[in-house]
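Structure record follows, encoded as structure tokens.
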Amino acid sequence: MSKSAAKCWRNDAYAKVTGRAKFTDDLKFANVLHAVPVYSEFVHARIVSIDTAAAEQATGVVRVLTARDVPGVNRFGQIIRDYRIFADDKIRYYGDVVAVVVAETREIAIHAAQLVEVNAEALPAVLDPEAAMLPDAPLVHENHGSNIVNTHVVRRGNVEEGFKQADFVIEEDFQTQTIEHAYMETEAAVCVPRSTDGVLEVYGSMQHPFSTRRFVAVCLGVALSEVEVIGTPMGGGFGGKDDTAAVVCARTALAAKLLGRPVKMVYRRDWSMRESYKRHPYRVHYRMGVTKAGAITAVQCRIVADGGAYCSVTPWVTWRSTVQCCGPYVVANVHCDTFGVYTNNVVAGAMRGFGSPQMNFVIEQMVEIAAERVGISGIEFRRRNMVRQGSVTITGQKLDGHKVAMEQALDTVLSEISYEEKLARCAHGQGDDDELYGIGIAMSYRGVSLGAEGVDFCAAIINAQADGSILLEVGVHENGQGAESAMALICAEELGVNLNRIRYRRSSTSNIPDSGTTVASRGTIMGGGAVALAARELKSKIAEAFCAKLGCAPEEVRFKVDGICGKTDGERIGFADAMRQMWQMQRFPFALGTFKAPRVSWDEHTGQGDAYFTWVYGCQAVELTVNRKTGKVKLLHAVAAHDVGRAVNPEMVRGQIYGGMAMSAGYGLHEEVKAHGGKMTTLNLNTYRIPRSMDLPEMKVILIENPDPVSPTGAKSIGEPANEILAPAIANAISNATGRRHFALPIRLGALPEPTMCGEGCK
């Protein structure tokens with residue numbers, strides 16, 4: 001395969017476009033049973049009893065499982081152990097599962113689930129996160145002592161002095177909504193007790209095989225080695241198939257373990273939307289001090305995130321929001337308080353962007369409001385305050401270990417879309433046209449990978465065979481984003497071999513070390529880094545084996561054109577021949593590579609430290625029109641420029657950005673999960689408004705490549721940064737079109753007032 005072809009290559013494309021890829025529901029096993037979840041109509045209630053007798057007596061039902069059947073621990077979580085495999089003491093939200101019915105067919109199980117009766121004492125539900133923080137609020141978890149899950153702070157400089165230095169103080173309140181991941185494939189699991197050794201095989205639509213293994217092992221009360229989670233192709237995740245998917249696997253595994261037969265559980269859409277966690281809705285009070293010269297002197301903000309009934313990853317999501325609470329701007333005086341809060345609403349957890357989309361909606365409007373107050377353009381205001389090479393962030397981190405590409409991203413977008421010229425055409429609610437034109441922009445920076453959220457390292461295995469073929473395994477999971485393709489491309493480039501030699505072997509939890517979760521846009525930088533280091537280790541072994549034959553020192557051996565060379569290209573051994581000879585030498589052409597993220601630092605009491613080991617930078621702009629009579633927003637054209645480090649698979653990178661922009665457009669204009677009294681009413685995609693093709697603009701993506709010195713491949717990340725800033729760009733464009741600003745998502749406009757008559761001196 002040529003180098004140019006390899007740059008737009010995807011290893012799983014043929015299987016997926018021909019329908020040959022086997023997703024979880026496609027897996028067939030003999031003698032399989034089917035399981036379905038059972039819910040109640042309560043939002044918050046103390047369980048008195050769960051009557052399963054009628055369901056158990058139904059023809060074809062094999063067993064009904066509840067919390068009392070869990071041999072291990074029914075409570076689990078990645079941060080706080082409060083997640084229930086089955087509701088036990090209380091029902092805490094409308095999506096709590098009280099039982100699982102296992103039957104010979106799925107239809108029988110669905111029918112029998114309606115026969116389970118839940119007797120419970122209804123309790124007052126707390127649905128407002130601000131009310132949940134009050135001392136007398138009903139407690140979602142009594143043993144926690146309060147409904148506050150976590151707090152984070154940033155304390156930098158003296159915020160009161162900073163406000164005294166300001167000529168203007170701008171103060172606004174913002175609110176973002178609950179949104180659904182809307183993946184095409186719902187949660188699914190198949191669990192098979194292996195007859196040979198008793199190990200339980202778990203197949204499922206999950207993003208994180210290793211965290212799924214932990215959930216399953218804890219539920220069953222067995223060692224991790226007794227559970228093997230095998231990765232399967234996944235029909236979408238976007239962060240949503242973490243805790244919920246792992247719990248679905250745990251319930252299915254429990255049924256398989258107790259009954260000694262394979263068990264399959266595939267969620268209906270309404271079950272998925274009812275139970276699965278969503279993006280955190282935020283309430284943000286933001287106060288910014290600004291001088292007449294357009295400098296930000298101080299920021300004080302209060303962030304309240306509704307975490308729903310269980311913790312999931314609320315502390316990690318809100319930590320990122322806290323670290324980036326001022327966006328890509330230098331602010332000397334910052335006072336931020338962030339609260340994650342329990343309520344009886346649907347659980348909130350990981351979703352693409354992980355706390356950044358909410359805050360960028362706030363920040364990128366605040367800088368526009370400030371610029372207008374000062375009397376300069378939003379672009380000029382950004383230039384006067386943005387981070388540059390050597391800048392110090394609000395957490396005290398100096399940006400000097402990589403190229404700070406914030407201005408490069410901004411200038412790229414401005415030039416491509418002719419922003420300054422088109423800004424002068426904005427209607428601002430005036431004129432006789434029914435279609436009001438507006439253009440808007442937003443930019444962000446983002447810490448790469450986990451940072452101070454957790455331990456960050458990854459493993460990769462390269463196992464060359466005697467015929468020159470190569471097996472590659474990596475500890476990150478393919479979530480549909482093209483991670484496997486990127487890993488294979490990196491491996492081929494490092495080894496100097498043809499890409500068709502490499503067979504990516506989808507890993508299970510039993511054949512590669514736990515390399516953490518595929519989150520935080522860490523797949524390529526961490527997984528690719530591990531592959532590069534494994535390839536370099538393998539090259540070192542090969543060089544030692546053949547340097548004498550090639551007449552050079554080991555460090556002089558070169559790997560190119562599908563072979564190895566000495567000082568001259570004439571001294572060459574083909575790769576396949578070299579692997580055959582290594583086996584004859586009794587040398588294993590095998591390598592395990594581990595990439596460990598550089599250490600970071602964090603002081604939880606002050607919110608100071610080097611939060612991330614490197615950063616990415618991005619900017620997006622959008623043109624739109626707003627119909628004066630209907631309020632309908634039509635997106636016309638959007639441009640994105642993102643610093644990705646080095647683009648390993650450029651067309652796949654562009655695809656990631658297109659997808660992120662589409663999701664962000666939905667976040668800005670359409671999507672919202674609705675509930676009444678804590679009972680979710682948005683239970684299918686026919687009532688949940690994701691963007692359609694005609695809702696999206698023409699999009700252009702420009703890749704900025706500044707290879708990162710910390711990354712073994714030079715690559716950084718793009719999955720989440722692409723999803724963070726089109727919504728605030730849309731908000732700014734709507735403001736420029738209508739002259740009215742919106743502080744809540746989604747932005748829904750009705751008919752606009754007729755333009756005022758311009759008198760003398762009207763601008």
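Chain labels A, B, ... are given in the sequence in which chains occur in the structure tokens; within each chain residues are numbered consecutively from 1, and ligands are likewise numbered from 1 in the order shown.
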- Task: Please identify all polymer residues within 9 Å of Lys634 of chain A, counting only C-alpha atoms, omitting same-chain residues fewer than 3 positions from it, and present them as JSON, numbers by chain.
- Result: {"A": [623, 624, 625, 626, 627, 695, 696, 697]}
- Selection: 8 Å around Val367 of chain A, only C-alpha atoms, excl. self and same-chain fewer than 3 positions, as a list of chain:residue names: A:Ile363, A:Glu364, A:Ala370, A:Ala371, A:Gly378, A:Phe381, A:Arg382
- Sel. of strand (DSSP E or B) residues, segment 638-680 of chain A, as a ChimeraX atom specification: /A:638-643,675-676,679-680
- Which neighbours of Phe76 of chain A fall inside 10 Å, counting only C-alpha atoms, when residues of the same chain fewer than 2 positions from it are skipped, and could you give them as number ranges by chain? A: 73-74, 78-85, 214-216, 218-219, 243, 247, 312
Go ahead and write the residues just picked, N, CA and C atoms, as a compact mmCIF listing (two decimals), in the first residue's frame.
```txt
# COMPACT_ATOMS: atom_id res chain seq x y z
N VAL A 73 -20.51 -7.74 45.50
CA VAL A 73 -20.90 -6.43 45.99
C VAL A 73 -21.86 -5.80 45.00
N ASN A 74 -23.01 -5.34 45.48
CA ASN A 74 -24.01 -4.73 44.61
C ASN A 74 -23.72 -3.26 44.33
N GLN A 78 -16.50 4.16 39.93
CA GLN A 78 -15.12 4.46 39.59
C GLN A 78 -14.47 5.42 40.57
N ILE A 79 -15.30 6.20 41.27
CA ILE A 79 -14.76 7.18 42.22
C ILE A 79 -15.37 6.96 43.60
N ILE A 80 -16.70 7.00 43.67
CA ILE A 80 -17.43 6.75 44.91
C ILE A 80 -18.25 5.48 44.71
N ARG A 81 -18.20 4.57 45.65
CA ARG A 81 -18.91 3.30 45.49
C ARG A 81 -20.38 3.47 45.86
N ASP A 82 -21.13 4.10 44.94
CA ASP A 82 -22.55 4.30 45.21
C ASP A 82 -23.44 3.77 44.08
N TYR A 83 -22.84 3.38 42.96
CA TYR A 83 -23.61 2.85 41.84
C TYR A 83 -24.20 1.49 42.23
N ARG A 84 -25.48 1.28 41.92
CA ARG A 84 -26.12 0.02 42.22
C ARG A 84 -26.22 -0.84 40.95
N ILE A 85 -25.83 -2.10 41.07
CA ILE A 85 -26.09 -3.05 39.99
C ILE A 85 -27.61 -3.25 39.91
N ARG A 214 -13.86 -4.90 35.95
CA ARG A 214 -13.91 -4.59 37.39
C ARG A 214 -15.35 -4.63 37.90
N PHE A 215 -16.29 -4.04 37.17
CA PHE A 215 -17.69 -4.07 37.57
C PHE A 215 -18.17 -5.51 37.69
N VAL A 216 -17.87 -6.33 36.68
CA VAL A 216 -18.35 -7.71 36.66
C VAL A 216 -17.74 -8.51 37.81
N VAL A 218 -16.48 -7.52 40.67
CA VAL A 218 -16.99 -7.09 41.98
C VAL A 218 -18.40 -7.62 42.20
N CYS A 219 -19.23 -7.55 41.17
CA CYS A 219 -20.61 -8.06 41.28
C CYS A 219 -20.62 -9.55 41.57
N ASP A 243 -20.05 3.56 32.50
CA ASP A 243 -20.70 2.94 33.67
C ASP A 243 -21.94 2.15 33.30
N VAL A 247 -22.46 -1.85 33.82
CA VAL A 247 -23.50 -2.41 34.69
C VAL A 247 -24.36 -3.41 33.93
N SER A 312 -21.00 8.36 39.21
CA SER A 312 -20.35 8.14 37.92
C SER A 312 -18.99 8.85 37.92
```
Which residues come within 6 Å of segment 569-572 of chain A, counting only C-alpha atoms, excluding same-chain residues fewer than 4 positions away, as a PDB file with N, CA and C atoms, in the first residue's frame?
```pdb
ATOM      1  N   LEU A 550      25.289  -6.909   8.676  1.00  0.00           N
ATOM      2  CA  LEU A 550      25.196  -5.685   7.889  1.00  0.00           C
ATOM      3  C   LEU A 550      26.462  -4.842   7.980  1.00  0.00           C
ATOM      4  N   ILE A 564      15.639  -4.154   6.375  1.00  0.00           N
ATOM      5  CA  ILE A 564      16.638  -3.504   7.218  1.00  0.00           C
ATOM      6  C   ILE A 564      17.912  -3.328   6.407  1.00  0.00           C
ATOM      7  N   CYS A 565      18.589  -2.217   6.650  1.00  0.00           N
ATOM      8  CA  CYS A 565      19.772  -1.858   5.869  1.00  0.00           C
ATOM      9  C   CYS A 565      20.907  -1.488   6.805  1.00  0.00           C
TER      10      CYS A 565
END
```
- Task: Excluding Ala535 of chain A and residues on its chain fewer than 6 positions from it, collect all residues at most 7 Å away from it, counting only C-alpha atoms, and give them as a PyMOL selection string.
- Result: chain A and resi 462+491+494-495
Those same residues, written as a JSON list (two decimals), in the first residue's frame with N, CA and C atoms?
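Writing the result to result.json gives the following:
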```
[["chain", "number", "residue", "atom", "x", "y", "z"],
["A", 462, "ILE", "N", 3.85, -5.81, 20.09],
["A", 462, "ILE", "CA", 4.14, -6.12, 18.69],
["A", 462, "ILE", "C", 4.79, -7.49, 18.66],
["A", 491, "CYS", "N", 2.65, 1.84, 13.69],
["A", 491, "CYS", "CA", 3.52, 0.67, 13.73],
["A", 491, "CYS", "C", 4.26, 0.49, 12.40],
["A", 494, "GLU", "N", 6.96, 3.26, 11.96],
["A", 494, "GLU", "CA", 8.12, 3.09, 12.84],
["A", 494, "GLU", "C", 9.01, 1.94, 12.38],
["A", 495, "LEU", "N", 8.39, 0.84, 11.92],
["A", 495, "LEU", "CA", 9.17, -0.34, 11.53],
["A", 495, "LEU", "C", 9.63, -0.27, 10.07]]
```
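Ranking A:Asp242, A:Glu420, A:Asp337, A:Asp88 by their shortest atom-to-atom distance to Asn150 of chain A, with only C-alpha atoms included, puts A:Asp337 first.
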- Message: Between atom CA of Pro707 of chain A and atom CA of Glu407 of chain A, what is the distance in Å, rounded to a tenth?
- Response: 16.7 Å
- Item | Shortest interatomic distance to Tyr203 of chain A - which of A:Ile441, A:Val222, A:Val70, A:Ala250, counting only C-alpha atoms | A:Ala250
- Item | Atom pair atom CA of Ala638 of chain A / atom CA of Lys278 of chain A: separation (Å) |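 Atom CA of Lys278 of chain A lies at a distance of 26.6 Å from atom CA of Ala638 of chain A.
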- What is the distance, in Å and to one decimal place, between atom CA of Glu556 of chain A and atom CA of Arg580 of chain A?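 Atom CA of Arg580 of chain A lies 21.5 Å from atom CA of Glu556 of chain A.
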Write out as a short mmCIF file (atom, residue, chain, number, x, y, z; two decimals) with C-alpha atoms, in the first residue's frame all residues of segment 457-655 of chain A that backbone DSSP assigns to helix (DSSP H, G or I).
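Output contents, as saved in selection.cif:
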```cif
data_model
loop_
_atom_site.label_atom_id
_atom_site.label_comp_id
_atom_site.auth_asym_id
_atom_site.auth_seq_id
_atom_site.Cartn_x
_atom_site.Cartn_y
_atom_site.Cartn_z
CA ALA A 483 -7.98 3.94 16.81
CA GLU A 484 -6.97 0.57 15.40
CA SER A 485 -6.13 2.15 12.05
CA ALA A 486 -4.02 4.84 13.70
CA MET A 487 -2.10 2.24 15.73
CA ALA A 488 -1.36 0.15 12.63
CA LEU A 489 -0.19 3.20 10.68
CA ILE A 490 2.16 4.20 13.49
CA CYS A 491 3.52 0.67 13.73
CA ALA A 492 4.15 0.44 9.97
CA GLU A 493 5.86 3.81 9.86
CA GLU A 494 8.12 3.09 12.84
CA LEU A 495 9.17 -0.34 11.53
CA LEU A 499 1.05 -1.77 6.09
CA ASN A 500 -0.44 -5.01 4.82
CA ARG A 501 1.97 -6.96 7.01
CA GLY A 523 -6.33 7.05 22.38
CA THR A 524 -3.80 8.23 19.81
CA ILE A 525 -1.37 10.02 22.09
CA MET A 526 -1.25 7.25 24.71
CA GLY A 527 -1.91 4.17 22.57
CA GLY A 528 0.14 5.48 19.67
CA GLY A 529 2.94 6.38 22.04
CA ALA A 530 2.98 2.82 23.37
CA VAL A 531 3.06 1.43 19.81
CA ALA A 532 5.96 3.68 18.85
CA LEU A 533 7.96 2.66 21.93
CA ALA A 534 7.21 -1.02 21.33
CA ALA A 535 8.36 -0.66 17.72
CA ARG A 536 11.58 1.02 18.84
CA GLU A 537 12.24 -1.80 21.31
CA LEU A 538 11.65 -4.36 18.56
CA LYS A 539 13.97 -2.47 16.21
CA SER A 540 16.65 -2.53 18.89
CA LYS A 541 16.35 -6.34 19.13
CA ILE A 542 16.46 -6.72 15.35
CA ALA A 543 19.43 -4.38 15.05
CA GLU A 544 21.40 -6.36 17.64
CA ALA A 545 20.65 -9.57 15.77
CA PHE A 546 21.76 -8.33 12.32
CA CYS A 547 24.30 -5.56 12.83
CA ALA A 548 27.22 -7.93 12.33
CA LYS A 549 25.81 -9.25 9.05
CA LEU A 550 25.20 -5.68 7.89
CA PRO A 554 23.40 -1.59 16.12
CA GLU A 555 22.52 2.10 16.17
CA GLU A 556 23.45 2.37 12.48
CA PHE A 575 11.83 -7.94 6.64
CA ALA A 576 10.27 -11.39 6.15
CA ASP A 577 13.72 -12.96 5.69
CA ALA A 578 14.97 -11.17 8.81
CA MET A 579 12.08 -12.54 10.90
CA ARG A 580 12.71 -16.08 9.62
CA GLN A 581 16.38 -15.79 10.53
CA MET A 582 15.57 -14.45 14.02
CA TRP A 583 13.51 -17.55 14.78
CA GLN A 584 16.39 -19.69 13.61
CA PRO A 650 -5.52 12.94 8.28
CA GLU A 651 -8.85 12.00 6.70
CA MET A 652 -9.92 10.25 9.90
CA VAL A 653 -8.91 13.36 11.85
CA ARG A 654 -11.12 15.47 9.59
CA GLY A 655 -13.94 13.00 10.11
#
```
Report as a Markdown table: every residue of segment 635-717 of chain A with an atom at most 10 Å from segment 606-614 of chain A, its closest pair of atoms, and their distance in Å to one decimal, counting only C-alpha atoms, with rows sorted by chain and ascending residue number.
```
| residue | atom | partner | partner_atom | distance |
| --- | --- | --- | --- | --- |
| A:Asp708 | CA | A:Thr614 | CA | 8.0 |
| A:Pro709 | CA | A:Thr614 | CA | 9.4 |
| A:Val710 | CA | A:Thr614 | CA | 7.8 |
| A:Ser711 | CA | A:Thr614 | CA | 9.1 |
| A:Lys716 | CA | A:Thr614 | CA | 8.3 |
```
Restricting the output to C-alpha atoms, write the selected residues as an mmCIF file, in the first residue's frame.
```cif
data_model
loop_
_atom_site.group_PDB
_atom_site.id
_atom_site.type_symbol
_atom_site.label_atom_id
_atom_site.label_comp_id
_atom_site.auth_asym_id
_atom_site.auth_seq_id
_atom_site.Cartn_x
_atom_site.Cartn_y
_atom_site.Cartn_z
ATOM 1 C CA ASP A 708 4.376 17.543 20.302
ATOM 2 C CA PRO A 709 7.816 16.911 21.832
ATOM 3 C CA VAL A 710 6.377 14.837 24.678
ATOM 4 C CA SER A 711 4.468 12.476 22.395
ATOM 5 C CA LYS A 716 -1.867 14.859 20.395
#
```
- Message: List the spatial neighbours of segment 322-326 of chain A as a PyMOL selection string - criterion: any atom at most 7 Å away, only C-alpha atoms, same-chain residues fewer than 6 positions off excluded.
- Response: chain A and resi 152-154+336+338+359+363+395
- Contacts of segment 23-38 of chain A at 6 Å or less, counting only C-alpha atoms, minus same-chain residues fewer than 4 places along, as a PyMOL selection string? chain A and resi 97-106+113+204+233+262-265
